[in-house]
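*Asks:* See model.cif below, with mmCIF, N, CA and C atoms.
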data_query
#
loop_
_atom_site.label_atom_id
_atom_site.label_comp_id
_atom_site.auth_asym_id
_atom_site.auth_seq_id
_atom_site.Cartn_x
_atom_site.Cartn_y
_atom_site.Cartn_z
N MET A 1 9.16 4.30 25.40
CA MET A 1 7.98 3.78 26.08
C MET A 1 6.94 3.38 25.05
N SER A 2 6.49 2.14 25.12
CA SER A 2 5.51 1.62 24.17
C SER A 2 4.10 1.94 24.64
N ASN A 3 3.28 2.35 23.71
CA ASN A 3 1.90 2.70 24.02
C ASN A 3 0.98 1.70 23.34
N LYS A 4 0.23 0.93 24.11
CA LYS A 4 -0.63 -0.12 23.56
C LYS A 4 -1.71 0.44 22.64
N THR A 5 -2.09 1.71 22.83
CA THR A 5 -3.13 2.28 21.98
C THR A 5 -2.58 2.61 20.59
N ASP A 6 -1.27 2.59 20.44
CA ASP A 6 -0.64 2.85 19.14
C ASP A 6 -0.52 1.54 18.36
N GLN A 7 -1.65 0.85 18.24
CA GLN A 7 -1.70 -0.43 17.55
C GLN A 7 -2.87 -0.41 16.57
N ILE A 8 -2.72 -1.19 15.51
CA ILE A 8 -3.83 -1.40 14.59
C ILE A 8 -4.15 -2.89 14.59
N SER A 9 -5.32 -3.22 14.13
CA SER A 9 -5.75 -4.62 14.06
C SER A 9 -5.84 -5.03 12.61
N LEU A 10 -5.24 -6.17 12.30
CA LEU A 10 -5.35 -6.73 10.96
C LEU A 10 -5.53 -8.23 11.08
N GLN A 11 -5.75 -8.89 9.97
CA GLN A 11 -5.90 -10.34 9.97
C GLN A 11 -4.71 -10.98 9.28
N VAL A 12 -4.14 -11.99 9.94
CA VAL A 12 -3.05 -12.77 9.35
C VAL A 12 -3.51 -14.22 9.32
N ASN A 13 -3.69 -14.75 8.12
CA ASN A 13 -4.20 -16.12 7.94
C ASN A 13 -5.49 -16.35 8.72
N GLY A 14 -6.38 -15.35 8.68
CA GLY A 14 -7.70 -15.48 9.28
C GLY A 14 -7.76 -15.21 10.77
N LYS A 15 -6.62 -14.90 11.39
CA LYS A 15 -6.60 -14.65 12.83
C LYS A 15 -6.26 -13.19 13.10
N PRO A 16 -6.86 -12.61 14.15
CA PRO A 16 -6.54 -11.21 14.46
C PRO A 16 -5.09 -11.05 14.91
N HIS A 17 -4.49 -9.96 14.49
CA HIS A 17 -3.10 -9.66 14.86
C HIS A 17 -2.99 -8.15 15.03
N ASN A 18 -2.30 -7.73 16.08
CA ASN A 18 -2.07 -6.31 16.31
C ASN A 18 -0.62 -5.97 16.00
N CYS A 19 -0.42 -4.79 15.44
CA CYS A 19 0.93 -4.32 15.15
C CYS A 19 0.91 -2.79 15.12
N HIS A 20 2.07 -2.22 14.97
CA HIS A 20 2.17 -0.77 14.89
C HIS A 20 1.64 -0.29 13.54
N PRO A 21 0.96 0.85 13.51
CA PRO A 21 0.50 1.38 12.22
C PRO A 21 1.68 1.71 11.32
N GLN A 22 1.49 1.53 10.05
CA GLN A 22 2.47 1.87 9.02
C GLN A 22 3.74 1.02 9.06
N ILE A 23 3.72 -0.13 9.77
CA ILE A 23 4.87 -1.01 9.75
C ILE A 23 4.99 -1.62 8.35
N PRO A 24 6.18 -1.63 7.78
CA PRO A 24 6.34 -2.26 6.46
C PRO A 24 6.06 -3.77 6.54
N LEU A 25 5.48 -4.31 5.49
CA LEU A 25 5.18 -5.73 5.44
C LEU A 25 6.42 -6.57 5.74
N LEU A 26 7.55 -6.21 5.16
CA LEU A 26 8.78 -6.97 5.38
C LEU A 26 9.13 -7.05 6.87
N GLN A 27 8.99 -5.95 7.58
CA GLN A 27 9.28 -5.93 9.01
C GLN A 27 8.26 -6.78 9.78
N LEU A 28 7.00 -6.74 9.37
CA LEU A 28 5.98 -7.56 10.01
C LEU A 28 6.31 -9.05 9.85
N LEU A 29 6.73 -9.45 8.67
CA LEU A 29 7.10 -10.85 8.45
C LEU A 29 8.23 -11.27 9.39
N GLU A 30 9.21 -10.38 9.57
CA GLU A 30 10.31 -10.68 10.48
C GLU A 30 9.81 -10.80 11.91
N GLN A 31 8.88 -9.95 12.32
CA GLN A 31 8.30 -10.03 13.67
C GLN A 31 7.56 -11.34 13.88
N LEU A 32 7.00 -11.88 12.81
CA LEU A 32 6.26 -13.14 12.88
C LEU A 32 7.21 -14.34 12.77
N ASP A 33 8.52 -14.08 12.77
CA ASP A 33 9.54 -15.12 12.64
C ASP A 33 9.41 -15.92 11.35
N LEU A 34 9.08 -15.21 10.27
CA LEU A 34 8.98 -15.84 8.96
C LEU A 34 10.16 -15.40 8.10
N ASN A 35 10.72 -16.34 7.37
CA ASN A 35 11.80 -16.03 6.44
C ASN A 35 11.17 -15.45 5.17
N PRO A 36 11.42 -14.18 4.88
CA PRO A 36 10.78 -13.56 3.71
C PRO A 36 11.07 -14.28 2.39
N ARG A 37 12.16 -15.02 2.33
CA ARG A 37 12.48 -15.73 1.09
C ARG A 37 11.71 -17.03 0.96
N MET A 38 11.00 -17.42 2.04
CA MET A 38 10.31 -18.71 2.04
C MET A 38 8.79 -18.57 2.15
N VAL A 39 8.27 -17.38 1.86
CA VAL A 39 6.83 -17.19 1.94
C VAL A 39 6.30 -16.46 0.69
N ALA A 40 5.02 -16.66 0.45
CA ALA A 40 4.27 -15.88 -0.53
C ALA A 40 3.18 -15.15 0.24
N VAL A 41 2.87 -13.92 -0.18
CA VAL A 41 1.92 -13.10 0.56
C VAL A 41 0.79 -12.61 -0.34
N GLU A 42 -0.43 -12.83 0.15
CA GLU A 42 -1.61 -12.25 -0.47
C GLU A 42 -2.03 -11.10 0.44
N TYR A 43 -2.10 -9.91 -0.12
CA TYR A 43 -2.39 -8.69 0.64
C TYR A 43 -3.73 -8.15 0.16
N ASN A 44 -4.73 -8.20 1.04
CA ASN A 44 -6.09 -7.73 0.70
C ASN A 44 -6.60 -8.34 -0.60
N GLY A 45 -6.36 -9.66 -0.74
CA GLY A 45 -6.92 -10.39 -1.88
C GLY A 45 -6.06 -10.42 -3.13
N GLU A 46 -4.90 -9.78 -3.10
CA GLU A 46 -4.02 -9.74 -4.26
C GLU A 46 -2.64 -10.30 -3.90
N ILE A 47 -2.09 -11.13 -4.77
CA ILE A 47 -0.72 -11.60 -4.56
C ILE A 47 0.19 -10.37 -4.66
N LEU A 48 1.03 -10.19 -3.64
CA LEU A 48 1.90 -9.01 -3.60
C LEU A 48 3.33 -9.43 -3.92
N HIS A 49 3.86 -8.92 -5.01
CA HIS A 49 5.22 -9.24 -5.42
C HIS A 49 6.22 -8.73 -4.40
N ARG A 50 7.29 -9.49 -4.19
CA ARG A 50 8.30 -9.16 -3.18
C ARG A 50 8.86 -7.75 -3.31
N GLN A 51 8.95 -7.23 -4.51
CA GLN A 51 9.55 -5.90 -4.68
C GLN A 51 8.76 -4.81 -3.96
N PHE A 52 7.50 -5.10 -3.61
CA PHE A 52 6.66 -4.11 -2.95
C PHE A 52 6.56 -4.33 -1.44
N TRP A 53 7.21 -5.35 -0.90
CA TRP A 53 7.04 -5.68 0.51
C TRP A 53 7.56 -4.59 1.43
N PHE A 54 8.65 -3.94 1.09
CA PHE A 54 9.20 -2.92 1.98
C PHE A 54 8.36 -1.65 1.96
N GLU A 55 7.83 -1.31 0.79
CA GLU A 55 7.08 -0.06 0.70
C GLU A 55 5.61 -0.21 1.08
N THR A 56 5.12 -1.44 1.24
CA THR A 56 3.73 -1.67 1.63
C THR A 56 3.61 -1.56 3.14
N LYS A 57 2.86 -0.56 3.59
CA LYS A 57 2.70 -0.29 5.02
C LYS A 57 1.35 -0.82 5.50
N MET A 58 1.36 -1.44 6.66
CA MET A 58 0.14 -2.03 7.20
C MET A 58 -0.84 -0.95 7.66
N GLN A 59 -2.12 -1.18 7.36
CA GLN A 59 -3.19 -0.27 7.71
C GLN A 59 -4.26 -1.04 8.50
N GLU A 60 -5.03 -0.33 9.29
CA GLU A 60 -6.13 -0.94 10.04
C GLU A 60 -7.03 -1.74 9.10
N GLY A 61 -7.31 -3.00 9.49
CA GLY A 61 -8.23 -3.83 8.72
C GLY A 61 -7.62 -4.60 7.56
N ASP A 62 -6.31 -4.45 7.31
CA ASP A 62 -5.68 -5.22 6.24
C ASP A 62 -5.84 -6.71 6.49
N LYS A 63 -5.87 -7.47 5.39
CA LYS A 63 -5.97 -8.93 5.48
C LYS A 63 -4.80 -9.54 4.73
N LEU A 64 -4.04 -10.34 5.45
CA LEU A 64 -2.87 -11.01 4.87
C LEU A 64 -3.09 -12.53 4.91
N GLU A 65 -2.74 -13.17 3.83
CA GLU A 65 -2.65 -14.63 3.80
C GLU A 65 -1.19 -14.91 3.47
N ILE A 66 -0.51 -15.60 4.38
CA ILE A 66 0.90 -15.87 4.22
C ILE A 66 1.07 -17.38 4.09
N VAL A 67 1.69 -17.81 3.00
CA VAL A 67 1.89 -19.22 2.73
C VAL A 67 3.38 -19.50 2.74
N THR A 68 3.79 -20.49 3.52
CA THR A 68 5.19 -20.89 3.56
C THR A 68 5.47 -21.83 2.39
N ILE A 69 6.54 -21.54 1.69
CA ILE A 69 6.96 -22.35 0.54
C ILE A 69 7.86 -23.46 1.06
N VAL A 70 7.50 -24.69 0.76
CA VAL A 70 8.27 -25.84 1.22
C VAL A 70 9.00 -26.44 0.04
N GLY A 71 10.32 -26.55 0.16
CA GLY A 71 11.11 -27.15 -0.91
C GLY A 71 11.16 -28.67 -0.74
N GLY A 72 11.66 -29.31 -1.75
CA GLY A 72 11.80 -30.76 -1.67
C GLY A 72 11.18 -31.43 -2.87
N GLY A 73 11.20 -32.74 -2.86
CA GLY A 73 10.68 -33.43 -4.02
C GLY A 73 10.20 -34.78 -3.74
#
Any chance you could put this one into structure tokens?

*Replies:*
Amino acid sequence: MSNKTDQISLQVNGKPHNCHPQIPLLQLLEQLDLNPRMVAVEYNGEILHRQFWFETKMQEGDKLEIVTIVGGG
């Protein structure tokens, strides 16, 4: 049973977003239908290297800027 009060508020690309507390960044990206191999993430003002995405847990008030990497030439 899901409890709506078990949510935190954070910002994703300047817009409010709710999610479960302590959700790993990698799982959040998947929930947002983003391919983790095709994005770069700024977490609270710092570029976050991919090796830390699984261990980085979302907290109330976090700010994410997610940029999709477009290939081509």

*Asks:* Where does the PyMOL selection byres ((chain A and resi 41) around 8) land in this file, that is, which residues does it pick, as a list of chain:residue names?

*Replies:* A:Met38, A:Val39, A:Ala40, A:Glu42, A:Tyr43, A:Asn44, A:Gly45, A:Glu46, A:Ile47, A:Leu48, A:His49, A:Arg50, A:Leu64, A:Glu65, A:Ile66, A:Val67, A:Thr68

*Asks:* What gap, in Å, lies between CA of Met58 (chain A) and CA of Arg37 (chain A)?

*Replies:* 19.4 Å

*Asks:* Could you tell me how far CA of Gln7 (chain A) lies from atom N of Glu60 (chain A), in Å and to one decimal?

*Replies:*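 Interatomic distance here is 8.9 Å.
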
*Asks:* Mind checking DSSP for region 1-71 of chain A and telling me the alpha helix (DSSP H) residues as a list in words?

*Replies:*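 Going through region 1-71 of chain A, the alpha helix (DSSP H) residues come out as Leu25, Leu26, Gln27, Leu28, Leu29, Glu30 and Gln31 of chain A.
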
*Asks:* Selected residues, N, CA and C atoms, written as a compact mmCIF listing (two decimals), in the frame of the given file, please.

*Replies:*
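The result, written out as part-v6.txt:
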# COMPACT_ATOMS: atom_id res chain seq x y z
N LEU A 25 5.48 -4.31 5.49
CA LEU A 25 5.18 -5.73 5.44
C LEU A 25 6.42 -6.57 5.74
N LEU A 26 7.55 -6.21 5.16
CA LEU A 26 8.78 -6.97 5.38
C LEU A 26 9.13 -7.05 6.87
N GLN A 27 8.99 -5.95 7.58
CA GLN A 27 9.28 -5.93 9.01
C GLN A 27 8.26 -6.78 9.78
N LEU A 28 7.00 -6.74 9.37
CA LEU A 28 5.98 -7.56 10.01
C LEU A 28 6.31 -9.05 9.85
N LEU A 29 6.73 -9.45 8.67
CA LEU A 29 7.10 -10.85 8.45
C LEU A 29 8.23 -11.27 9.39
N GLU A 30 9.21 -10.38 9.57
CA GLU A 30 10.31 -10.68 10.48
C GLU A 30 9.81 -10.80 11.91
N GLN A 31 8.88 -9.95 12.32
CA GLN A 31 8.30 -10.03 13.67
C GLN A 31 7.56 -11.34 13.88

*Asks:* Report, in Å to a single decimal, how far apart atom N of Gln51 (chain A) and CA of Ser9 (chain A) are.

*Replies:*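 One can read the CA of Ser9 (chain A) to atom N of Gln51 (chain A) distance as 23.8 Å.
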
*Asks:* Which is closest to Ile23 (chain A) among A:Lys57, A:Val70, A:Leu10, A:Phe52, if we use only N, CA and C atoms?

*Replies:* A:Lys57

*Asks:* Go through A:Asp6, A:Leu34, A:Trp53, A:Asp62 one by one, measure the shortest atom-to-atom distance of each to Pro21 (chain A) using all atoms listed in the file, and give the residue with the smallest value.

*Replies:*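 Looking only at the distances to Pro21 (chain A), the closest residue turns out to be A:Asp6.
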
*Asks:* Under the PyMOL selection byres ((chain A and resi 18) around 5), which residues of this model are included? Write them out as a PyMOL selection string.

*Replies:* chain A and resi 8-9+16-17+19-20

*Asks:* Go through chain A and collect every residue that DSSP, computed from the backbone, puts in strand (DSSP E or B); the answer should be as a list in words.

*Replies:*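 Strand (DSSP E or B) members of chain A, listed: Ile8, Ser9, Leu10, Gln11, Val12, Lys15, Pro16, His17, Asn18, Cys19, Pro24, Val39, Ala40, Val41, Glu42, Tyr43, Glu46, Ile47, Lys57, Lys63, Leu64, Glu65, Ile66, Val67 and Thr68 of chain A.
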
*Asks:* Using only N, CA and C atoms, which residue out of A:Gly72, A:Lys63, A:Leu26, A:Pro36 lies closest to Val12 (chain A)?

*Replies:* A:Lys63

*Asks:* If you count all atoms listed in the file, which residues fall within 8 Å of Gln27 (chain A), apart from same-chain ones fewer than 5 positions away, as a short mmCIF file (atom, residue, chain, number, x, y, z; two decimals) with N, CA and C atoms, in the coordinates of the input?

*Replies:*
data_model
loop_
_atom_site.label_atom_id
_atom_site.label_comp_id
_atom_site.auth_asym_id
_atom_site.auth_seq_id
_atom_site.Cartn_x
_atom_site.Cartn_y
_atom_site.Cartn_z
N LEU A 32 7.00 -11.88 12.81
CA LEU A 32 6.26 -13.14 12.88
C LEU A 32 7.21 -14.34 12.77
N ASP A 33 8.52 -14.08 12.77
CA ASP A 33 9.54 -15.12 12.64
C ASP A 33 9.41 -15.92 11.35
N TRP A 53 7.21 -5.35 -0.90
CA TRP A 53 7.04 -5.68 0.51
C TRP A 53 7.56 -4.59 1.43
N PHE A 54 8.65 -3.94 1.09
CA PHE A 54 9.20 -2.92 1.98
C PHE A 54 8.36 -1.65 1.96
#
